[in-house]
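Participant: Sharing data22.pdb, PDB, C-alpha atoms, pLDDT in the B column:
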```
ATOM      1  CA  MET R   7       5.117   8.818   9.774  1.00 55.00           C
ATOM      2  CA  ALA R   8       6.593   8.916   6.280  1.00 67.00           C
ATOM      3  CA  GLY R   9       4.835   5.634   5.443  1.00 69.00           C
ATOM      4  CA  LYS R  10       1.453   7.077   6.436  1.00 71.00           C
ATOM      5  CA  LEU R  11       2.114  10.198   4.400  1.00 79.00           C
ATOM      6  CA  CYS R  12       3.043   8.172   1.309  1.00 78.00           C
ATOM      7  CA  TRP R  13      -0.031   5.979   1.805  1.00 74.00           C
ATOM      8  CA  ALA R  14      -2.309   9.049   2.014  1.00 78.00           C
ATOM      9  CA  LEU R  15      -0.630  10.654  -1.003  1.00 81.00           C
ATOM     10  CA  GLY R  16      -1.075   7.478  -3.062  1.00 78.00           C
ATOM     11  CA  LEU R  17      -4.710   7.244  -2.041  1.00 77.00           C
ATOM     12  CA  GLY R  18      -5.277  10.894  -2.987  1.00 80.00           C
ATOM     13  CA  LEU R  19      -3.609  10.497  -6.378  1.00 79.00           C
ATOM     14  CA  LEU R  20      -5.597   7.366  -7.171  1.00 76.00           C
ATOM     15  CA  PHE R  21      -8.828   9.086  -6.132  1.00 78.00           C
ATOM     16  CA  ALA R  22      -8.034  12.074  -8.359  1.00 81.00           C
ATOM     17  CA  ALA R  23      -7.172   9.806 -11.299  1.00 80.00           C
ATOM     18  CA  ALA R  24     -10.368   7.787 -10.829  1.00 79.00           C
ATOM     19  CA  VAL R  25     -12.578  10.878 -10.630  1.00 80.00           C
ATOM     20  CA  LEU R  26     -10.968  12.780 -13.492  1.00 82.00           C
ATOM     21  CA  THR R  27     -10.505   9.967 -16.009  1.00 82.00           C
ATOM     22  CA  GLN R  28     -13.252   7.559 -14.888  1.00 81.00           C
ATOM     23  CA  ALA R  29     -11.178   4.819 -16.494  1.00 81.00           C
ATOM     24  CA  PRO R  30     -12.012   1.281 -15.338  1.00 84.00           C
ATOM     25  CA  LEU R  31      -8.362   0.634 -14.449  1.00 81.00           C
ATOM     26  CA  ALA R  32      -8.120   3.717 -12.217  1.00 79.00           C
ATOM     27  CA  VAL R  33     -11.429   2.929 -10.500  1.00 80.00           C
ATOM     28  CA  GLY R  34     -10.379  -0.704  -9.988  1.00 81.00           C
ATOM     29  CA  LEU R  35      -7.028   0.337  -8.518  1.00 80.00           C
ATOM     30  CA  LEU R  36      -8.786   2.771  -6.189  1.00 81.00           C
ATOM     31  CA  GLU R  37     -11.172   0.045  -5.005  1.00 82.00           C
ATOM     32  CA  PHE R  38      -8.257  -2.330  -4.415  1.00 85.00           C
ATOM     33  CA  PHE R  39      -6.330   0.361  -2.538  1.00 83.00           C
ATOM     34  CA  LEU R  40      -9.322   1.141  -0.311  1.00 84.00           C
ATOM     35  CA  LEU R  41      -9.879  -2.552   0.413  1.00 89.00           C
ATOM     36  CA  LEU R  42      -6.209  -2.998   1.292  1.00 86.00           C
ATOM     37  CA  THR R  43      -6.350   0.037   3.604  1.00 84.00           C
ATOM     38  CA  LEU R  44      -9.398  -1.410   5.364  1.00 88.00           C
ATOM     39  CA  LEU R  45      -7.733  -4.814   5.798  1.00 87.00           C
ATOM     40  CA  LEU R  46      -4.554  -3.249   7.219  1.00 83.00           C
ATOM     41  CA  ALA R  47      -6.583  -1.139   9.660  1.00 83.00           C
ATOM     42  CA  LEU R  48      -8.471  -4.251  10.812  1.00 84.00           C
ATOM     43  CA  GLU R  49      -5.188  -6.139  11.291  1.00 79.00           C
ATOM     44  CA  VAL R  50      -3.752  -3.333  13.422  1.00 77.00           C
ATOM     45  CA  ARG R  51      -6.937  -3.201  15.508  1.00 78.00           C
ATOM     46  CA  TYR R  52      -6.837  -6.987  15.955  1.00 75.00           C
ATOM     47  CA  LEU R  53      -3.155  -7.068  16.943  1.00 72.00           C
ATOM     48  CA  ARG R  54      -3.436  -4.130  19.357  1.00 73.00           C
ATOM     49  CA  GLY R  55      -4.882  -6.246  22.157  1.00 71.00           C
ATOM     50  CA  LYS R  56      -2.954  -9.420  21.367  1.00 76.00           C
ATOM     51  CA  VAL R  57       0.663  -8.237  21.537  1.00 77.00           C
ATOM     52  CA  GLU R  58       2.352  -7.209  24.793  1.00 82.00           C
ATOM     53  CA  ALA R  59       5.881  -5.929  25.303  1.00 81.00           C
ATOM     54  CA  GLU R  60       7.732  -5.721  28.617  1.00 85.00           C
ATOM     55  CA  LEU R  61      11.019  -3.954  29.315  1.00 83.00           C
ATOM     56  CA  VAL R  62      13.202  -5.866  31.796  1.00 84.00           C
ATOM     57  CA  VAL R  63      15.645  -3.486  33.504  1.00 80.00           C
ATOM     58  CA  PRO R  64      18.652  -4.835  35.463  1.00 81.00           C
ATOM     59  CA  THR R  65      18.478  -4.558  39.255  1.00 82.00           C
ATOM     60  CA  GLN R  66      22.030  -3.206  39.552  1.00 81.00           C
ATOM     61  CA  PRO R  67      22.636   0.479  38.759  1.00 78.00           C
ATOM     62  CA  ALA R  68      24.349   1.305  35.474  1.00 75.00           C
ATOM     63  CA  VAL R  69      27.881   2.647  35.822  1.00 77.00           C
ATOM     64  CA  GLN R  70      29.181   5.196  33.348  1.00 75.00           C
ATOM     65  CA  GLY R  71      31.382   3.565  30.724  1.00 79.00           C
ATOM     66  CA  GLN R  72      30.245   0.044  31.625  1.00 81.00           C
ATOM     67  CA  PRO R  73      27.811  -1.857  29.397  1.00 82.00           C
ATOM     68  CA  PHE R  74      24.474  -2.989  30.770  1.00 78.00           C
ATOM     69  CA  VAL R  75      21.709  -5.118  29.284  1.00 81.00           C
ATOM     70  CA  LEU R  76      18.094  -4.139  28.715  1.00 80.00           C
ATOM     71  CA  THR R  77      15.805  -6.949  27.624  1.00 84.00           C
ATOM     72  CA  VAL R  78      12.519  -6.559  25.757  1.00 82.00           C
ATOM     73  CA  ARG R  79      10.188  -9.499  26.345  1.00 85.00           C
ATOM     74  CA  LEU R  80       7.489  -9.806  23.685  1.00 83.00           C
ATOM     75  CA  THR R  81       4.344 -11.926  24.023  1.00 84.00           C
ATOM     76  CA  ASN R  82       2.296 -12.590  20.895  1.00 82.00           C
ATOM     77  CA  ARG R  83      -1.108 -14.139  21.595  1.00 82.00           C
ATOM     78  CA  SER R  84      -2.187 -13.787  17.999  1.00 77.00           C
ATOM     79  CA  PRO R  85      -1.979 -16.387  15.226  1.00 78.00           C
ATOM     80  CA  LEU R  86      -0.573 -13.644  12.977  1.00 74.00           C
ATOM     81  CA  PRO R  87       3.186 -12.946  12.984  1.00 78.00           C
ATOM     82  CA  ILE R  88       4.535  -9.560  14.038  1.00 75.00           C
ATOM     83  CA  PRO R  89       6.141  -7.977  10.959  1.00 73.00           C
ATOM     84  CA  GLN R  90       8.330  -5.428  12.766  1.00 75.00           C
ATOM     85  CA  LEU R  91       9.026  -4.260  16.309  1.00 74.00           C
ATOM     86  CA  LEU R  92      10.684  -0.926  16.974  1.00 76.00           C
ATOM     87  CA  THR R  93      11.913  -0.188  20.490  1.00 75.00           C
ATOM     88  CA  LEU R  94      12.840   3.278  21.705  1.00 78.00           C
ATOM     89  CA  VAL R  95      14.457   3.562  25.134  1.00 75.00           C
ATOM     90  CA  GLN R  96      15.158   6.875  26.821  1.00 77.00           C
ATOM     91  CA  ALA R  97      17.483   7.029  29.844  1.00 73.00           C
ATOM     92  CA  ALA R  98      18.083  10.018  32.087  1.00 73.00           C
ATOM     93  CA  ASP R  99      21.171  10.750  34.201  1.00 70.00           C
ATOM     94  CA  THR R 100      19.857  11.855  37.604  1.00 71.00           C
ATOM     95  CA  TRP R 101      23.048  13.608  38.651  1.00 72.00           C
ATOM     96  CA  GLY R 102      24.073  15.214  35.379  1.00 70.00           C
ATOM     97  CA  GLY R 103      20.583  15.877  34.033  1.00 69.00           C
ATOM     98  CA  SER R 104      21.420  14.602  30.537  1.00 72.00           C
ATOM     99  CA  THR R 105      19.147  12.307  28.562  1.00 70.00           C
ATOM    100  CA  ILE R 106      20.056   9.586  26.041  1.00 67.00           C
ATOM    101  CA  THR R 107      17.686   7.971  23.556  1.00 62.00           C
TER
END
```
Represent the structure from my file as structure tokens, please.

Facilitator:
Amino acid sequence: MAGKLCWALGLGLLFAAAVLTQAPLAVGLLEFFLLLTLLLALEVRYLRGKVEAELVVPTQPAVQGQPFVLTVRLTNRSPLPIPQLLTLVQAADTWGGSTIT
């Protein structure tokens, strides 16, 4: 979320600088920034249907204090590499009612 906020703030500042000064450098930077934003949005839209992630959970129940393995299987059907994958797993204790993330 912080990355999106910084991106929007940078876009707003460049737009304000381009409108107020009307300098060729500011207008050129704004055009480049808008083009880059469009290309990134197209890449995200393209990758959305091409990348699949699957969480493989062990068949045996997890025992408190004992380690267990969760596996994330990723399938990339795109020619583009995946720059970053963040995985958030939330587990709930059915008897105690507590939740771990």

Participant: Padding of 6 Å on every side, edges along x, y and z, all listed atoms of range 89-100 of chain R included: what centre and edge lengths in Å, to one decimal, does that box have, as lines of an AutoDock Vina configuration file?

Facilitator:
```
center_x = 13.7
center_y = 1.9
center_z = 24.3
size_x = 27.0
size_y = 31.8
size_z = 38.6
```

Participant: Using only C-alpha atoms, which of R:Thr43, R:Gln66, R:Thr77, R:Thr105 sits nearest Thr93 in chain R?

Facilitator: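 So, comparing all the options, the nearest one is R:Thr77.
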
Participant: Report the residues retrieved by the PyMOL selection byres ((chain R and resi 20) around 9) from the displayed file, expressed as JSON, numbers by chain.

Facilitator: {"R": [15, 16, 17, 18, 19, 21, 22, 23, 24, 25, 32, 33, 35, 36, 39]}

Participant: With C-alpha atoms retained, could you export that selection as a short mmCIF file (atom, residue, chain, number, x, y, z; two decimals), in the frame of the given file?

Facilitator:
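Ended up saving to out.cif:
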```cif
data_model
loop_
_atom_site.label_atom_id
_atom_site.label_comp_id
_atom_site.auth_asym_id
_atom_site.auth_seq_id
_atom_site.Cartn_x
_atom_site.Cartn_y
_atom_site.Cartn_z
CA LEU R 15 -0.63 10.65 -1.00
CA GLY R 16 -1.08 7.48 -3.06
CA LEU R 17 -4.71 7.24 -2.04
CA GLY R 18 -5.28 10.89 -2.99
CA LEU R 19 -3.61 10.50 -6.38
CA PHE R 21 -8.83 9.09 -6.13
CA ALA R 22 -8.03 12.07 -8.36
CA ALA R 23 -7.17 9.81 -11.30
CA ALA R 24 -10.37 7.79 -10.83
CA VAL R 25 -12.58 10.88 -10.63
CA ALA R 32 -8.12 3.72 -12.22
CA VAL R 33 -11.43 2.93 -10.50
CA LEU R 35 -7.03 0.34 -8.52
CA LEU R 36 -8.79 2.77 -6.19
CA PHE R 39 -6.33 0.36 -2.54
#
```

Participant: Go ahead and compute the interatomic distance for CA of Glu58 in chain R and CA of Leu86 in chain R, in Å to one decimal.

Facilitator: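 Separation of CA of Glu58 in chain R and CA of Leu86 in chain R: 13.8 Å.
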
Participant: Using all atoms listed in the file, which residue out of R:Ala47, R:Leu41, R:Val95, R:Ala29 lies closest to Leu61 in chain R?

Facilitator: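 Closest candidate: R:Val95.
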
Participant: Pick out the residues sitting within 12 Å of Val75 in chain R, and hand them over as a ChimeraX atom specification; count all atoms listed in the file, and ignore anything fewer than 3 positions along from it in its own chain.

Facilitator: /R:61-69,72,78

Participant: Write the selection just made, keeping C-alpha atoms, as a compact mmCIF listing (two decimals), keeping the file's coordinate frame?

Facilitator:
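Written output follows (selection21.txt):
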```
# COMPACT_ATOMS: atom_id res chain seq x y z
CA LEU R 61 11.02 -3.95 29.32
CA VAL R 62 13.20 -5.87 31.80
CA VAL R 63 15.64 -3.49 33.50
CA PRO R 64 18.65 -4.84 35.46
CA THR R 65 18.48 -4.56 39.26
CA GLN R 66 22.03 -3.21 39.55
CA PRO R 67 22.64 0.48 38.76
CA ALA R 68 24.35 1.30 35.47
CA VAL R 69 27.88 2.65 35.82
CA GLN R 72 30.24 0.04 31.62
CA VAL R 78 12.52 -6.56 25.76
```

Participant: May I ask which of the residues R:Pro85, R:Leu94, R:Trp13, R:Gly55 is the closest one to Leu42 in chain R, counting all atoms listed in the file?

Facilitator: R:Trp13

Participant: What separation in Å, quoted to one decimal, exists between CA of Pro89 in chain R and CA of Cys12 in chain R?

Facilitator: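 Computing it gives 19.1 Å between the two atoms.
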
Participant: For CA of Arg51 in chain R and CA of Gln96 in chain R, determine how far apart the two atoms are, in Å to one decimal place.

Facilitator: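 CA of Gln96 in chain R lies 26.8 Å from CA of Arg51 in chain R.
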
Participant: With distances taken over only C-alpha atoms, which of R:Ala98, R:Leu91, R:Asn82, R:Phe38 is nearest to Leu53 in chain R?

Facilitator: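 Using only C-alpha atoms, the shortest distance to Leu53 in chain R belongs to R:Asn82.
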
Participant: For the structure provided, state which residues fall under the PyMOL selection byres ((chain R and resi 80) around 6), and present them as a VMD selection string.

Facilitator: chain R and resid 58 to 59 79 81

Participant: Name the closest residue to Asp99 in chain R among the candidates R:Leu76, R:Pro87, R:Leu46, R:Gln70; distances are taken between atoms, counting only C-alpha atoms.

Facilitator: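 Among R:Leu76, R:Pro87, R:Leu46, R:Gln70, it is R:Gln70 that comes nearest to Asp99 in chain R.
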
Participant: Calculated over only C-alpha atoms, which of the candidates R:Glu37, R:Pro73, R:Ser84, R:Leu31 has the smallest distance to Val57 in chain R?

Facilitator: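 Between R:Glu37, R:Pro73, R:Ser84, R:Leu31, the residue approaching Val57 in chain R most closely is R:Ser84.
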